[in-house]
Amino acid sequence: MQYVVANRVPVRPEFHAAFEERFRQRAGEVEKQPGFVRMEVLRPVDPEAPYVVLTHWESREAFQNWVRSDDFKRAHQHPNPLPKEAFGEGGGLEQHEVIIAAGRGV
């Protein structure tokens, strides 16, 4: 059963470009992980809504192995280049099991 992790990140509108650039310049370690399927960074249409970073995994165990890995630690060890005031209140990590998938290539 595929596993999806959604990280909702509230970013103030004046920091949107810097936040997106941060993802364009990221280390790319997650793509090398066993069980990784894909990642999507979703820009909100409403500038006050949070960004959503989705990672798709073959299983919950694959995601948990990534979180426990040295690669995860390295990917998250660098201090955030954006100041605290770039982020709004709320957000957080959500984890879901895919029970229905439809569409091309699914």
# chains A, B, ... in the order shown; residues from 1 in each chain; ligands from 1
>>> select_by_dssp(residues="chain A", states="helix (DSSP H, G or I)", output="VMD selection string")
chain A and resid 13 to 24 30 to 32 60 to 68 70 to 75 84 to 86
>>> write_last_selection(atoms="N, CA and C atoms", output="compact mmCIF listing (two decimals), in the first residue's frame")
# COMPACT_ATOMS: atom_id res chain seq x y z
N PRO A 13 3.69 35.54 2.11
CA PRO A 13 3.79 35.80 0.66
C PRO A 13 5.11 36.43 0.22
N GLU A 14 5.68 37.32 1.00
CA GLU A 14 6.93 37.98 0.59
C GLU A 14 8.13 37.03 0.59
N PHE A 15 7.96 35.83 1.13
CA PHE A 15 9.04 34.84 1.16
C PHE A 15 8.80 33.67 0.21
N HIS A 16 7.72 33.72 -0.58
CA HIS A 16 7.41 32.61 -1.48
C HIS A 16 8.57 32.28 -2.42
N ALA A 17 9.13 33.28 -3.08
CA ALA A 17 10.21 33.03 -4.05
C ALA A 17 11.42 32.38 -3.37
N ALA A 18 11.78 32.84 -2.20
CA ALA A 18 12.93 32.27 -1.48
C ALA A 18 12.65 30.84 -1.05
N PHE A 19 11.42 30.57 -0.62
CA PHE A 19 11.05 29.21 -0.22
C PHE A 19 11.14 28.26 -1.41
N GLU A 20 10.63 28.68 -2.55
CA GLU A 20 10.68 27.84 -3.74
C GLU A 20 12.12 27.61 -4.19
N GLU A 21 12.94 28.63 -4.10
CA GLU A 21 14.35 28.48 -4.49
C GLU A 21 15.06 27.49 -3.57
N ARG A 22 14.70 27.51 -2.31
CA ARG A 22 15.29 26.56 -1.35
C ARG A 22 15.05 25.13 -1.83
N PHE A 23 13.86 24.84 -2.32
CA PHE A 23 13.58 23.49 -2.81
C PHE A 23 14.29 23.21 -4.12
N ARG A 24 14.45 24.20 -4.96
CA ARG A 24 15.18 23.98 -6.22
C ARG A 24 16.65 23.66 -5.95
N VAL A 30 16.58 12.48 -0.97
CA VAL A 30 15.39 11.64 -0.83
C VAL A 30 15.18 10.76 -2.07
N GLU A 31 15.53 11.25 -3.23
CA GLU A 31 15.33 10.48 -4.46
C GLU A 31 16.14 9.19 -4.49
N LYS A 32 17.18 9.13 -3.72
CA LYS A 32 18.06 7.95 -3.69
C LYS A 32 17.58 6.88 -2.71
N ARG A 60 4.92 2.58 4.44
CA ARG A 60 5.21 3.35 5.66
C ARG A 60 6.63 3.06 6.13
N GLU A 61 7.02 1.80 6.03
CA GLU A 61 8.36 1.40 6.48
C GLU A 61 9.45 2.11 5.68
N ALA A 62 9.23 2.28 4.37
CA ALA A 62 10.21 2.98 3.54
C ALA A 62 10.38 4.42 4.03
N PHE A 63 9.26 5.08 4.35
CA PHE A 63 9.35 6.45 4.87
C PHE A 63 10.07 6.48 6.21
N GLN A 64 9.72 5.58 7.10
CA GLN A 64 10.35 5.54 8.42
C GLN A 64 11.84 5.25 8.31
N ASN A 65 12.23 4.39 7.39
CA ASN A 65 13.65 4.12 7.18
C ASN A 65 14.38 5.37 6.72
N TRP A 66 13.76 6.16 5.84
CA TRP A 66 14.35 7.43 5.39
C TRP A 66 14.55 8.38 6.57
N VAL A 67 13.54 8.51 7.43
CA VAL A 67 13.63 9.42 8.58
C VAL A 67 14.74 8.99 9.53
N ARG A 68 14.98 7.70 9.63
CA ARG A 68 16.04 7.20 10.54
C ARG A 68 17.42 7.18 9.89
N ASP A 70 21.01 8.22 7.88
CA ASP A 70 22.03 9.27 7.93
C ASP A 70 21.80 10.30 6.82
N ASP A 71 21.28 9.85 5.68
CA ASP A 71 20.98 10.77 4.58
C ASP A 71 19.94 11.81 5.00
N PHE A 72 18.92 11.38 5.76
CA PHE A 72 17.90 12.31 6.26
C PHE A 72 18.55 13.34 7.18
N LYS A 73 19.40 12.87 8.07
CA LYS A 73 20.08 13.79 8.99
C LYS A 73 20.92 14.81 8.23
N ARG A 74 21.64 14.35 7.21
CA ARG A 74 22.46 15.27 6.41
C ARG A 74 21.58 16.26 5.65
N ALA A 75 20.48 15.78 5.10
CA ALA A 75 19.59 16.65 4.31
C ALA A 75 18.94 17.72 5.18
N LYS A 84 12.85 33.08 10.70
CA LYS A 84 11.63 32.58 11.35
C LYS A 84 10.39 33.36 10.91
N GLU A 85 10.56 34.65 10.68
CA GLU A 85 9.41 35.47 10.29
C GLU A 85 8.89 35.14 8.89
N ALA A 86 9.59 34.29 8.14
CA ALA A 86 9.12 33.86 6.82
C ALA A 86 7.92 32.91 6.94
>>> atom_distance(atom1="atom CA of Met39 of chain A", atom2="atom CA of Leu54 of chain A")
5.5 Å
>>> select_by_dssp(residues="chain A", states="strand (DSSP E or B)", output="list in words")
Tyr3, Val4, Val5, Ala6, Asn7, Arg8, Val9, Val11, Phe36, Val37, Arg38, Met39, Glu40, Val41, Leu42, Tyr51, Val52, Val53, Leu54, Thr55, His56, Trp57, Phe87, Gly92, Leu93, Glu94, Gln95, His96 and Glu97 of chain A
>>> residues_around(residues="Trp57 of chain A", least_positions_apart="4", cutoff="7 Å", atoms="only C-alpha atoms", output="ChimeraX atom specification")
/A:2-4,35-37,62-63
>>> closest_residue(among="A:Ala6, A:Pro81, A:Leu42, A:Val53", to="Gln95 of chain A", atoms="only C-alpha atoms")
A:Ala6
>>> closest_residue(among="A:Val5, A:His76, A:Glu94, A:Ala102", to="Gly28 of chain A", atoms="only C-alpha atoms")
A:His76
>>> closest_residue(among="A:Pro44, A:Pro34, A:Gly105, A:Pro50", to="Gly90 of chain A", atoms="only C-alpha atoms")
A:Pro50
>>> closest_residue(among="A:Ile99, A:Ser59, A:Ala49, A:Gln77", to="Arg26 of chain A", atoms="only C-alpha atoms")
A:Gln77
>>> closest_residue(among="A:Val41, A:Glu29, A:Glu48, A:Glu58", to="Glu89 of chain A", atoms="only C-alpha atoms")
A:Glu48
>>> atom_distance(atom1="atom CA of Phe87 of chain A", atom2="atom CA of Arg38 of chain A")
24.9 Å
>>> closest_residue(among="A:Glu40, A:Gln33, A:Val9, A:Ser69", to="Gly88 of chain A", atoms="only C-alpha atoms")
A:Val9
